Amino acid sequence: MNRLSRIFPKVDPFSLQTRLTIGVATFSALGLASLASWTSWKMQEILIDSHKENIKQIALRLPRDIEIYNDMLPVEIALQKAIDNRSDSNILLWVKSVDAKIIAKSTNFNLVSPSHVTELTSLSKMPITAEVNLINGRYFILYGEELKLKGRYLGKLSIVKDITNDQTMFIAMVKSLTVASILVIIIISLIIAIYIQRSLQPLRHISQMTAAIKPENLAETKVDLSNAPSEVKDLAKTVNMMLSRLSQAWEKERQFTSNISHELRTPLTIIYGYLQSMLRRKQNLTEIQLEVLETAASETENTIHILEELLDLARADSGYLRFNLGTYRINDLVNEAVEMAVKNSSRQIEIEVESDPIMVKVDHQYFIQVLLNLIDNGVKYSDPDTKITIKLKRSENKGIIQVCDRGHGITLQHQSRIFDRFYRIDEARTRSAGSTGLGLSIVKTLVEGMGGNVTVSSQVGEGSVFTVSLPRLPDNTSDN
Ligand code: ADP
């Protein structure tokens with residue numbers, strides 16, 4: 001994973017990281033954009049104000065200039081001289097008489113084309129406060145006022161300053177400022193995203209740690225975040241306290257299950273013994289009594305079976321399930337289990353061996369229990385005229401046993417849950433088949449206890465395949 005995909009693993013619009021990043025980045029962008037706009041506006045104002053000031057100064061001084069020239073020259077020539085004196089290449093002045101005729105005009109204004117000059121001088125009204133106007137693609141400051149000499153009205157004075165060069169430079173600068181601001185906003189957003197991602201890391205850590213908690217490791221699990229911020233440390237402390245309470249509750253429940261199973265199993269076994277001995281003397285019983293006793297014996301047997309399974313699970317949960325591991329050929333163990341299974345059922349069970357004998361390290365008794373459980377399920381959940389097949393395979397480092405039936409099958413939705421305790425798919429039907437919903441969870445516990453794993457694949461109406469994989473030993477290993 002590269003750095004960017006670590007920072008944005010998958011953008012979740014509702015995550016705290018996305019919300020914080022968007023929020024902080026938006027506020028930074030708004031702040032920066034406002035600062036950039038204000039700077040541009042202020043600079044524009046300063047630039048234009050200086051030009052306006054320049055125009056006002058010209059308008060203020062022009063009458064005095066005319067007065068000085070008028071001491072030696074006629075008023076028309078004095079006016080022209082004063083205008084030329086105050087104009088330059090980008091300042092144009094002209095004076096119009098009452099009948100709108102130009103009586104004097106700058107002669108040294110040469111920056112723009114004659115058409116611009118004609119357009120400017122033909123403007124009928126000039127603003128009395130200097131303002132910027134865009135005329136034919138060029139920027140001008142326009143200003144107009146009445147021109148008087150010693151109280152005598154001379155005409156209407158118009159002053160125009162061409163500020164296109166300054167304005168173009170200013171616009172280029174604003175564009176650069178905008179690009180720079182956008183880049184800065186992008187960089188700031190990235191830095192903020194990385195910072196927020198790092199700050200939220202401890203929370204992700206807590207989430208990963210709590211996701212890995214199972215009943216078996218509840219007591220040992222501690223969320224340890226020594227370098228995290230105090231708020232997250234507080235959260236970790238609360239989670240640890242909750243884990244400790246859960247662990248105690250789980251331990252109590254385990255203890256209770258174990259005790260109750262133990263306490264009930266002994267009297268029930270005695271009752272079952274009595275019922276069996278009464279059933280052996282069936283010649284003394286009426287038909288109804290026989291039926292009642294048979295039902296009672298069968299229910300008692302089922303209940304003892306459940307209690308034994310519960311005891312096994314309680315032992316496994318508290319770590320008291322001891323595995324007496326030895327080296328065996330799977331082939332021999334499978335034959336043994338099948339021999340036992342056929343004694344209790346008339347079902348046809350065939351074994352398909354794909355490879356040479358496979359050596360594994362397992363607990364003999366538990367391995368047989370696993371196989372008997374899976375075969376028993378295959379028999380229970382398929383029609384009597386179908387057969388059960390046990391396949392033996394090997395992969396590079398695994399020995400694989402598959403128990404296949406051609407029964408009802410299990411839908412995908414149930415497949416992920418049948419290994420849970422007390423989970424039965426069709427409660428009514430399975431109850432009558434003497435099922436407890438504990439068999440597969442015991443299979444899972446035992447197989448995992450021996451270092452393997454068990455999975456199921458199934459097609460509704462076609463049957464199910466339960467696959468047990470166990471670590472395989474080298475072929476030349478000698479068995480027990
Ligand atoms: P049970 O004692 O009910 O058989 P299990 O834990 O062995 O308990 O099985 C759980 C549930 O999974 C069963 O109730 C049954 O519905 C389903 N199941 C188990 N094995 C099979 C199978 N081979 N074919 C169809 N369903 C099965």
# chains A, B, ... in the order shown; residues from 1 in each chain; ligands from 1
>>> residues_near_ligand(ligand="ligand 1", cutoff="8 Å", atoms="only C-alpha atoms and all ligand atoms", output="CSV table (one decimal) with all heavy atoms, in the first residue's frame")
chain,number,residue,atom,x,y,z
A,373,ASN,N,-19.1,-37.6,14.9
A,373,ASN,CA,-20.1,-36.5,14.9
A,373,ASN,C,-20.4,-36.1,13.4
A,373,ASN,O,-21.6,-35.9,13.1
A,373,ASN,CB,-19.4,-35.3,15.5
A,373,ASN,CG,-20.2,-34.8,16.7
A,373,ASN,OD1,-21.4,-34.7,16.6
A,373,ASN,ND2,-19.6,-34.4,17.8
A,374,LEU,N,-19.4,-35.9,12.6
A,374,LEU,CA,-19.7,-35.5,11.2
A,374,LEU,C,-20.5,-36.6,10.4
A,374,LEU,O,-21.4,-36.3,9.7
A,374,LEU,CB,-18.4,-35.2,10.5
A,374,LEU,CG,-17.7,-33.9,11.0
A,374,LEU,CD1,-16.4,-33.7,10.3
A,374,LEU,CD2,-18.6,-32.7,10.9
A,375,ILE,N,-20.1,-37.9,10.7
A,375,ILE,CA,-20.8,-39.0,10.0
A,375,ILE,C,-22.3,-39.0,10.5
A,375,ILE,O,-23.2,-39.1,9.7
A,375,ILE,CB,-20.1,-40.3,10.2
A,375,ILE,CG1,-18.7,-40.3,9.6
A,375,ILE,CG2,-20.9,-41.5,9.7
A,375,ILE,CD1,-17.9,-41.5,9.9
A,376,ASP,N,-22.4,-38.9,11.8
A,376,ASP,CA,-23.8,-38.9,12.4
A,376,ASP,C,-24.6,-37.8,11.8
A,376,ASP,O,-25.8,-38.1,11.5
A,376,ASP,CB,-23.6,-38.7,14.0
A,376,ASP,CG,-24.9,-38.8,14.7
A,376,ASP,OD1,-25.7,-39.8,14.3
A,376,ASP,OD2,-25.2,-38.0,15.5
A,377,ASN,N,-24.1,-36.6,11.7
A,377,ASN,CA,-24.8,-35.5,11.0
A,377,ASN,C,-25.2,-35.9,9.6
A,377,ASN,O,-26.4,-35.6,9.2
A,377,ASN,CB,-24.0,-34.2,11.0
A,377,ASN,CG,-24.1,-33.4,12.3
A,377,ASN,OD1,-24.9,-33.8,13.2
A,377,ASN,ND2,-23.3,-32.4,12.5
A,378,GLY,N,-24.3,-36.4,8.9
A,378,GLY,CA,-24.5,-36.8,7.5
A,378,GLY,C,-25.7,-37.8,7.4
A,378,GLY,O,-26.6,-37.7,6.6
A,379,VAL,N,-25.7,-38.7,8.4
A,379,VAL,CA,-26.8,-39.8,8.4
A,379,VAL,C,-28.1,-39.1,8.8
A,379,VAL,O,-29.1,-39.3,8.2
A,379,VAL,CB,-26.4,-40.9,9.4
A,379,VAL,CG1,-27.6,-41.8,9.7
A,379,VAL,CG2,-25.2,-41.6,8.9
A,380,LYS,N,-28.0,-38.2,9.8
A,380,LYS,CA,-29.3,-37.6,10.3
A,380,LYS,C,-29.9,-36.7,9.3
A,380,LYS,O,-31.1,-36.6,9.2
A,380,LYS,CB,-28.9,-36.7,11.5
A,380,LYS,CG,-29.1,-37.4,12.9
A,380,LYS,CD,-29.1,-36.4,14.0
A,380,LYS,CE,-27.8,-35.6,14.2
A,380,LYS,NZ,-27.7,-34.9,15.4
A,381,TYR,N,-29.1,-36.0,8.5
A,381,TYR,CA,-29.7,-35.0,7.6
A,381,TYR,C,-29.7,-35.4,6.1
A,381,TYR,O,-29.5,-34.5,5.2
A,381,TYR,CB,-29.0,-33.6,7.8
A,381,TYR,CG,-29.0,-33.2,9.2
A,381,TYR,CD1,-27.9,-33.1,10.0
A,381,TYR,CD2,-30.2,-32.9,9.8
A,381,TYR,CE1,-27.9,-32.7,11.3
A,381,TYR,CE2,-30.3,-32.5,11.2
A,381,TYR,CZ,-29.1,-32.4,11.9
A,381,TYR,OH,-29.2,-32.0,13.2
A,382,SER,N,-29.8,-36.7,5.9
A,382,SER,CA,-29.9,-37.2,4.5
A,382,SER,C,-30.9,-38.3,4.5
A,382,SER,O,-31.2,-38.9,5.5
A,382,SER,CB,-28.6,-37.5,3.9
A,382,SER,OG,-28.0,-38.6,4.6
A,404,CYS,N,-18.9,-36.4,3.2
A,404,CYS,CA,-19.8,-35.9,2.2
A,404,CYS,C,-21.2,-36.7,2.3
A,404,CYS,O,-21.1,-37.9,2.4
A,404,CYS,CB,-19.3,-36.1,0.8
A,404,CYS,SG,-17.6,-35.7,0.6
A,405,ASP,N,-22.2,-35.9,2.3
A,405,ASP,CA,-23.5,-36.6,2.2
A,405,ASP,C,-24.3,-36.1,1.0
A,405,ASP,O,-24.0,-35.1,0.4
A,405,ASP,CB,-24.3,-36.4,3.5
A,405,ASP,CG,-24.7,-34.9,3.8
A,405,ASP,OD1,-25.4,-34.3,3.0
A,405,ASP,OD2,-24.2,-34.4,4.8
A,407,GLY,N,-27.6,-35.1,1.2
A,407,GLY,CA,-28.8,-34.8,2.0
A,407,GLY,C,-29.4,-33.5,1.6
A,407,GLY,O,-29.3,-33.0,0.5
A,408,HIS,N,-30.1,-32.9,2.6
A,408,HIS,CA,-30.9,-31.7,2.4
A,408,HIS,C,-30.0,-30.5,2.0
A,408,HIS,O,-30.5,-29.6,1.3
A,408,HIS,CB,-31.6,-31.2,3.6
A,408,HIS,CG,-32.2,-32.4,4.4
A,408,HIS,ND1,-33.0,-33.4,3.8
A,408,HIS,CD2,-32.1,-32.7,5.7
A,408,HIS,CE1,-33.4,-34.2,4.7
A,408,HIS,NE2,-32.8,-33.9,5.9
A,409,GLY,N,-28.8,-30.5,2.4
A,409,GLY,CA,-27.9,-29.3,2.1
A,409,GLY,C,-28.2,-28.2,3.1
A,409,GLY,O,-29.1,-28.2,3.9
A,410,ILE,N,-27.3,-27.2,3.1
A,410,ILE,CA,-27.4,-26.1,4.0
A,410,ILE,C,-27.3,-24.8,3.2
A,410,ILE,O,-26.4,-24.6,2.4
A,410,ILE,CB,-26.3,-26.1,5.1
A,410,ILE,CG1,-26.2,-27.5,5.8
A,410,ILE,CG2,-26.4,-25.0,6.1
A,410,ILE,CD1,-24.9,-27.8,6.4
A,414,HIS,N,-27.0,-20.1,6.5
A,414,HIS,CA,-26.9,-20.9,7.7
A,414,HIS,C,-25.4,-21.4,7.8
A,414,HIS,O,-25.0,-21.7,8.9
A,414,HIS,CB,-27.8,-22.1,7.7
A,414,HIS,CG,-29.3,-21.7,7.9
A,414,HIS,ND1,-29.7,-21.0,9.0
A,414,HIS,CD2,-30.3,-21.8,7.1
A,414,HIS,CE1,-31.0,-20.8,8.9
A,414,HIS,NE2,-31.4,-21.2,7.7
A,415,GLN,N,-24.7,-21.5,6.7
A,415,GLN,CA,-23.4,-22.2,6.7
A,415,GLN,C,-22.5,-21.5,7.7
A,415,GLN,O,-21.7,-22.1,8.3
A,415,GLN,CB,-22.8,-22.2,5.3
A,415,GLN,CG,-23.4,-23.3,4.4
A,415,GLN,CD,-22.9,-23.2,3.0
A,415,GLN,OE1,-21.8,-22.8,2.8
A,415,GLN,NE2,-23.7,-23.7,2.1
A,418,ILE,N,-23.7,-22.5,11.6
A,418,ILE,CA,-23.9,-23.9,12.2
A,418,ILE,C,-22.9,-24.3,13.2
A,418,ILE,O,-23.1,-25.2,13.9
A,418,ILE,CB,-24.1,-25.0,11.1
A,418,ILE,CG1,-22.9,-24.9,10.1
A,418,ILE,CG2,-25.4,-24.9,10.4
A,418,ILE,CD1,-22.9,-26.0,9.1
A,419,PHE,N,-21.7,-23.6,13.2
A,419,PHE,CA,-20.7,-24.0,14.1
A,419,PHE,C,-20.9,-23.3,15.5
A,419,PHE,O,-20.1,-23.5,16.4
A,419,PHE,CB,-19.3,-23.7,13.6
A,419,PHE,CG,-18.9,-24.5,12.4
A,419,PHE,CD1,-19.1,-24.1,11.1
A,419,PHE,CD2,-18.4,-25.8,12.6
A,419,PHE,CE1,-18.7,-24.9,10.0
A,419,PHE,CE2,-18.1,-26.7,11.5
A,419,PHE,CZ,-18.3,-26.2,10.2
A,420,ASP,N,-21.9,-22.4,15.5
A,420,ASP,CA,-22.2,-21.7,16.8
A,420,ASP,C,-22.9,-22.7,17.7
A,420,ASP,O,-23.7,-23.5,17.3
A,420,ASP,CB,-23.2,-20.5,16.6
A,420,ASP,CG,-22.5,-19.4,15.8
A,420,ASP,OD1,-21.2,-19.5,15.5
A,420,ASP,OD2,-23.2,-18.5,15.3
A,421,ARG,N,-22.8,-22.4,19.0
A,421,ARG,CA,-23.4,-23.3,20.0
A,421,ARG,C,-24.9,-23.2,19.9
A,421,ARG,O,-25.5,-22.1,19.8
A,421,ARG,CB,-23.0,-22.9,21.4
A,421,ARG,CG,-21.6,-23.3,21.6
A,421,ARG,CD,-21.0,-22.8,22.9
A,421,ARG,NE,-19.6,-23.0,22.8
A,421,ARG,CZ,-18.7,-22.8,23.8
A,421,ARG,NH1,-19.2,-22.4,25.0
A,421,ARG,NH2,-17.5,-23.0,23.6
A,422,PHE,N,-25.6,-24.3,20.1
A,422,PHE,CA,-27.0,-24.4,20.1
A,422,PHE,C,-27.7,-23.9,18.8
A,422,PHE,O,-28.9,-23.6,18.8
A,422,PHE,CB,-27.6,-23.7,21.3
A,422,PHE,CG,-27.3,-24.3,22.6
A,422,PHE,CD1,-26.4,-23.7,23.5
A,422,PHE,CD2,-27.8,-25.5,23.0
A,422,PHE,CE1,-26.0,-24.2,24.7
A,422,PHE,CE2,-27.5,-26.1,24.2
A,422,PHE,CZ,-26.6,-25.5,25.0
A,423,TYR,N,-26.9,-23.8,17.7
A,423,TYR,CA,-27.6,-23.3,16.5
A,423,TYR,C,-28.1,-24.5,15.7
A,423,TYR,O,-27.3,-25.4,15.3
A,423,TYR,CB,-26.5,-22.5,15.6
A,423,TYR,CG,-27.2,-21.8,14.5
A,423,TYR,CD1,-27.9,-20.6,14.7
A,423,TYR,CD2,-27.2,-22.4,13.2
A,423,TYR,CE1,-28.5,-20.0,13.6
A,423,TYR,CE2,-27.8,-21.7,12.2
A,423,TYR,CZ,-28.5,-20.5,12.4
A,423,TYR,OH,-29.1,-19.9,11.4
A,424,ARG,N,-29.4,-24.5,15.5
A,424,ARG,CA,-30.0,-25.5,14.7
A,424,ARG,C,-30.8,-24.9,13.6
A,424,ARG,O,-31.5,-23.9,13.8
A,424,ARG,CB,-30.9,-26.4,15.6
A,424,ARG,CG,-30.1,-27.3,16.5
A,424,ARG,CD,-30.9,-28.1,17.4
A,424,ARG,NE,-31.8,-27.2,18.2
A,424,ARG,CZ,-32.5,-27.7,19.3
A,424,ARG,NH1,-32.4,-28.9,19.6
A,424,ARG,NH2,-33.3,-26.9,20.0
A,425,ILE,N,-30.8,-25.5,12.4
A,425,ILE,CA,-31.4,-24.8,11.3
A,425,ILE,C,-33.0,-24.9,11.4
A,425,ILE,O,-33.7,-23.9,11.5
A,425,ILE,CB,-30.9,-25.3,9.9
A,425,ILE,CG1,-29.4,-25.0,9.8
A,425,ILE,CG2,-31.7,-24.7,8.8
A,425,ILE,CD1,-28.7,-25.7,8.7
A,426,ASP,N,-33.4,-26.1,11.4
A,426,ASP,CA,-34.9,-26.3,11.5
A,426,ASP,C,-35.2,-26.9,12.9
A,426,ASP,O,-35.1,-28.1,13.0
A,426,ASP,CB,-35.3,-27.2,10.4
A,426,ASP,CG,-36.8,-27.5,10.4
A,426,ASP,OD1,-37.4,-27.1,11.4
A,426,ASP,OD2,-37.3,-28.1,9.5
A,427,GLU,N,-35.5,-26.1,13.8
A,427,GLU,CA,-35.6,-26.5,15.2
A,427,GLU,C,-36.5,-27.7,15.4
A,427,GLU,O,-36.2,-28.7,16.0
A,427,GLU,CB,-36.1,-25.4,16.1
A,427,GLU,CG,-35.1,-24.2,16.2
A,427,GLU,CD,-34.7,-24.0,17.6
A,427,GLU,OE1,-35.2,-24.6,18.5
A,427,GLU,OE2,-33.7,-23.1,17.8
A,430,THR,N,-35.0,-30.9,13.6
A,430,THR,CA,-33.7,-31.4,14.2
A,430,THR,C,-34.0,-31.9,15.7
A,430,THR,O,-33.3,-32.8,16.1
A,430,THR,CB,-32.7,-30.3,14.2
A,430,THR,OG1,-33.2,-29.1,14.8
A,430,THR,CG2,-32.1,-30.1,12.8
A,431,ARG,N,-34.9,-31.3,16.4
A,431,ARG,CA,-35.2,-31.7,17.7
A,431,ARG,C,-35.7,-33.2,17.7
A,431,ARG,O,-35.2,-34.0,18.5
A,431,ARG,CB,-36.3,-30.8,18.4
A,431,ARG,CG,-36.5,-31.1,19.8
A,431,ARG,CD,-37.4,-30.1,20.4
A,431,ARG,NE,-36.7,-28.9,20.8
A,431,ARG,CZ,-36.1,-28.7,21.9
A,431,ARG,NH1,-36.0,-29.7,22.7
A,431,ARG,NH2,-35.5,-27.6,22.2
A,434,GLY,N,-33.1,-35.8,17.5
A,434,GLY,CA,-32.3,-36.0,18.7
A,434,GLY,C,-31.1,-35.1,18.6
A,434,GLY,O,-30.0,-35.4,19.0
A,435,SER,N,-31.3,-33.9,18.0
A,435,SER,CA,-30.1,-33.0,17.9
A,435,SER,C,-30.1,-31.9,19.0
A,435,SER,O,-31.1,-31.6,19.6
A,435,SER,CB,-30.1,-32.3,16.5
A,435,SER,OG,-30.9,-31.2,16.6
A,436,THR,N,-28.8,-31.4,19.2
A,436,THR,CA,-28.7,-30.5,20.3
A,436,THR,C,-28.2,-29.1,19.8
A,436,THR,O,-28.3,-28.1,20.5
A,436,THR,CB,-27.6,-31.0,21.3
A,436,THR,OG1,-26.4,-31.2,20.6
A,436,THR,CG2,-28.0,-32.3,21.9
A,437,GLY,N,-27.6,-29.1,18.6
A,437,GLY,CA,-27.0,-27.9,18.1
A,437,GLY,C,-25.6,-27.6,18.7
A,437,GLY,O,-25.1,-26.6,18.6
A,438,LEU,N,-25.1,-28.7,19.4
A,438,LEU,CA,-23.8,-28.5,20.0
A,438,LEU,C,-22.7,-29.3,19.3
A,438,LEU,O,-21.5,-29.0,19.4
A,438,LEU,CB,-23.8,-29.0,21.5
A,438,LEU,CG,-24.5,-28.1,22.5
A,438,LEU,CD1,-24.7,-28.8,23.8
A,438,LEU,CD2,-23.8,-26.8,22.6
A,439,GLY,N,-23.1,-30.3,18.5
A,439,GLY,CA,-22.2,-31.2,17.8
A,439,GLY,C,-21.1,-30.5,17.1
A,439,GLY,O,-19.9,-30.7,17.3
A,440,LEU,N,-21.5,-29.6,16.1
A,440,LEU,CA,-20.5,-28.9,15.3
A,440,LEU,C,-19.6,-28.0,16.0
A,440,LEU,O,-18.4,-27.8,15.7
A,440,LEU,CB,-21.2,-28.2,14.1
A,440,LEU,CG,-21.7,-29.1,13.0
A,440,LEU,CD1,-22.4,-28.3,11.9
A,440,LEU,CD2,-20.6,-30.0,12.4
A,441,SER,N,-20.1,-27.4,17.1
A,441,SER,CA,-19.2,-26.4,17.9
A,441,SER,C,-18.2,-27.3,18.6
A,441,SER,O,-17.0,-26.8,18.7
A,441,SER,CB,-20.0,-25.5,18.8
A,441,SER,OG,-20.8,-26.3,19.7
A,442,ILE,N,-18.5,-28.5,19.0
A,442,ILE,CA,-17.5,-29.4,19.6
A,442,ILE,C,-16.5,-29.8,18.6
A,442,ILE,O,-15.3,-29.8,18.8
A,442,ILE,CB,-18.2,-30.6,20.3
A,442,ILE,CG1,-19.0,-30.1,21.5
A,442,ILE,CG2,-17.2,-31.7,20.7
A,442,ILE,CD1,-19.7,-31.2,22.3
A,463,GLY,N,-26.6,-31.8,-1.1
A,463,GLY,CA,-25.8,-32.4,0.0
A,463,GLY,C,-24.7,-31.4,0.5
A,463,GLY,O,-24.6,-30.3,0.0
A,464,SER,N,-24.0,-31.9,1.5
A,464,SER,CA,-23.0,-31.1,2.2
A,464,SER,C,-21.7,-31.8,2.2
A,464,SER,O,-21.6,-33.0,2.3
A,464,SER,CB,-23.4,-30.7,3.6
A,464,SER,OG,-24.8,-30.3,3.6
A,465,VAL,N,-20.6,-31.0,2.3
A,465,VAL,CA,-19.2,-31.5,2.4
A,465,VAL,C,-18.6,-30.8,3.6
A,465,VAL,O,-18.4,-29.6,3.6
A,465,VAL,CB,-18.4,-31.3,1.2
A,465,VAL,CG1,-17.0,-31.8,1.4
A,465,VAL,CG2,-19.1,-31.9,-0.1
A,466,PHE,N,-18.3,-31.6,4.6
A,466,PHE,CA,-17.5,-31.0,5.8
A,466,PHE,C,-16.1,-31.4,5.6
A,466,PHE,O,-15.8,-32.6,5.5
A,466,PHE,CB,-18.1,-31.5,7.1
A,466,PHE,CG,-19.4,-30.9,7.5
A,466,PHE,CD1,-20.6,-31.3,7.0
A,466,PHE,CD2,-19.4,-29.8,8.3
A,466,PHE,CE1,-21.8,-30.7,7.3
A,466,PHE,CE2,-20.6,-29.1,8.6
A,466,PHE,CZ,-21.8,-29.6,8.1
>>> residues_around(residues="Leu372 (chain A)", least_positions_apart="5", cutoff="8 Å", atoms="only C-alpha atoms", output="PDB file with all heavy atoms, in the first residue's frame")
ATOM      1  N   ALA A 337     -13.212 -45.211  12.774  1.00  0.00           N
ATOM      2  CA  ALA A 337     -14.446 -44.438  12.997  1.00  0.00           C
ATOM      3  C   ALA A 337     -15.588 -45.018  12.170  1.00  0.00           C
ATOM      4  O   ALA A 337     -16.728 -45.140  12.651  1.00  0.00           O
ATOM      5  CB  ALA A 337     -14.220 -42.975  12.643  1.00  0.00           C
ATOM      6  N   VAL A 338     -15.298 -45.397  10.920  1.00  0.00           N
ATOM      7  CA  VAL A 338     -16.358 -45.926  10.054  1.00  0.00           C
ATOM      8  C   VAL A 338     -16.878 -47.245  10.616  1.00  0.00           C
ATOM      9  O   VAL A 338     -18.097 -47.497  10.635  1.00  0.00           O
ATOM     10  CB  VAL A 338     -15.849 -46.067   8.600  1.00  0.00           C
ATOM     11  CG1 VAL A 338     -16.837 -46.847   7.741  1.00  0.00           C
ATOM     12  CG2 VAL A 338     -15.597 -44.685   8.002  1.00  0.00           C
ATOM     13  N   MET A 340     -17.024 -48.101  13.698  1.00  0.00           N
ATOM     14  CA  MET A 340     -17.898 -47.785  14.827  1.00  0.00           C
ATOM     15  C   MET A 340     -19.232 -47.247  14.333  1.00  0.00           C
ATOM     16  O   MET A 340     -20.293 -47.579  14.882  1.00  0.00           O
ATOM     17  CB  MET A 340     -17.235 -46.752  15.753  1.00  0.00           C
ATOM     18  CG  MET A 340     -16.071 -47.325  16.517  1.00  0.00           C
ATOM     19  SD  MET A 340     -15.112 -46.048  17.304  1.00  0.00           S
ATOM     20  CE  MET A 340     -16.020 -45.820  18.780  1.00  0.00           C
ATOM     21  N   ALA A 341     -19.175 -46.392  13.303  1.00  0.00           N
ATOM     22  CA  ALA A 341     -20.408 -45.752  12.816  1.00  0.00           C
ATOM     23  C   ALA A 341     -21.362 -46.784  12.236  1.00  0.00           C
ATOM     24  O   ALA A 341     -22.581 -46.701  12.446  1.00  0.00           O
ATOM     25  CB  ALA A 341     -20.068 -44.689  11.772  1.00  0.00           C
TER      26      ALA A 341
END
>>> select_by_dssp(residues="region 250-475 of chain A", states="helix (DSSP H, G or I)", output="VMD selection string")
chain A and resid 250 to 280 282 to 284 287 to 317 330 to 344 364 to 380 412 to 415 427 to 432 439 to 449
>>> residues_around(residues="region 121-128 of chain A", least_positions_apart="6", cutoff="7 Å", atoms="only C-alpha atoms", output="MDAnalysis selection string")
chainID A and resid 142:145 158
>>> closest_atom_pairs(of="region 173-284 of chain A", to="region 19-42 of chain A", cutoff="6 Å", atoms="only C-alpha atoms", output="CSV")
residue,atom,partner,partner_atom,distance
A:Ile185,CA,A:Ala29,CA,5.6
A:Ser189,CA,A:Ala25,CA,5.1
A:Ala193,CA,A:Thr21,CA,5.4
>>> write_last_selection(atoms="N, CA, C and O atoms", output="PDB file, in the first residue's frame")
ATOM      1  N   ILE A 185      -3.700  25.782  -0.330  1.00  0.00           N
ATOM      2  CA  ILE A 185      -4.880  25.111   0.249  1.00  0.00           C
ATOM      3  C   ILE A 185      -4.761  23.603   0.072  1.00  0.00           C
ATOM      4  O   ILE A 185      -5.022  22.831   0.996  1.00  0.00           O
ATOM      5  N   SER A 189      -4.477  21.018   3.051  1.00  0.00           N
ATOM      6  CA  SER A 189      -5.478  19.956   3.207  1.00  0.00           C
ATOM      7  C   SER A 189      -4.797  18.601   3.365  1.00  0.00           C
ATOM      8  O   SER A 189      -5.221  17.776   4.185  1.00  0.00           O
ATOM      9  N   ALA A 193      -5.003  16.217   6.478  1.00  0.00           N
ATOM     10  CA  ALA A 193      -5.485  14.826   6.364  1.00  0.00           C
ATOM     11  C   ALA A 193      -4.507  13.869   7.037  1.00  0.00           C
ATOM     12  O   ALA A 193      -4.925  12.968   7.782  1.00  0.00           O
TER      13      ALA A 193
END
>>> atom_distance(atom1="CA of Gln402 (chain A)", atom2="CA of Glu354 (chain A)")
11.5 Å
>>> closest_residue(among="A:Val232, A:Leu275, A:Val456, A:Ile83", to="Leu290 (chain A)", atoms="only C-alpha atoms")
A:Leu275
>>> residues_around(residues="Asn136 (chain A)", least_positions_apart="6", cutoff="10 Å", atoms="only C-alpha atoms", output="VMD selection string")
chain A and resid 115 to 116 119
>>> residues_around(residues="Asn397 (chain A)", least_positions_apart="6", cutoff="10 Å", atoms="only C-alpha atoms", output="list of chain:residue names")
A:Ser469, A:Leu470, A:Pro471, A:Arg472, A:Leu473, A:Pro474
>>> write_last_selection(atoms="N, CA and C atoms", output="compact mmCIF listing (two decimals), in the first residue's frame")
# COMPACT_ATOMS: atom_id res chain seq x y z
N SER A 469 -9.18 -30.09 7.95
CA SER A 469 -7.77 -30.05 7.52
C SER A 469 -6.89 -30.06 8.74
N LEU A 470 -5.88 -30.92 8.70
CA LEU A 470 -4.96 -31.01 9.85
C LEU A 470 -3.52 -30.92 9.34
N PRO A 471 -2.62 -30.36 10.15
CA PRO A 471 -1.22 -30.29 9.69
C PRO A 471 -0.69 -31.70 9.42
N ARG A 472 -0.02 -31.86 8.28
CA ARG A 472 0.45 -33.20 7.87
C ARG A 472 1.92 -33.37 8.26
N LEU A 473 2.24 -34.58 8.73
CA LEU A 473 3.64 -34.87 9.08
C LEU A 473 4.32 -35.48 7.86
N PRO A 474 5.65 -35.48 7.80
CA PRO A 474 6.33 -36.11 6.66
C PRO A 474 5.93 -37.59 6.56
>>> residues_around(residues="region 53-62 of chain A", least_positions_apart="4", cutoff="9 Å", atoms="only C-alpha atoms", output="ChimeraX atom specification")
/A:48-49,66-67,79,82-83,86-87,91,130,141-145,147,157-161
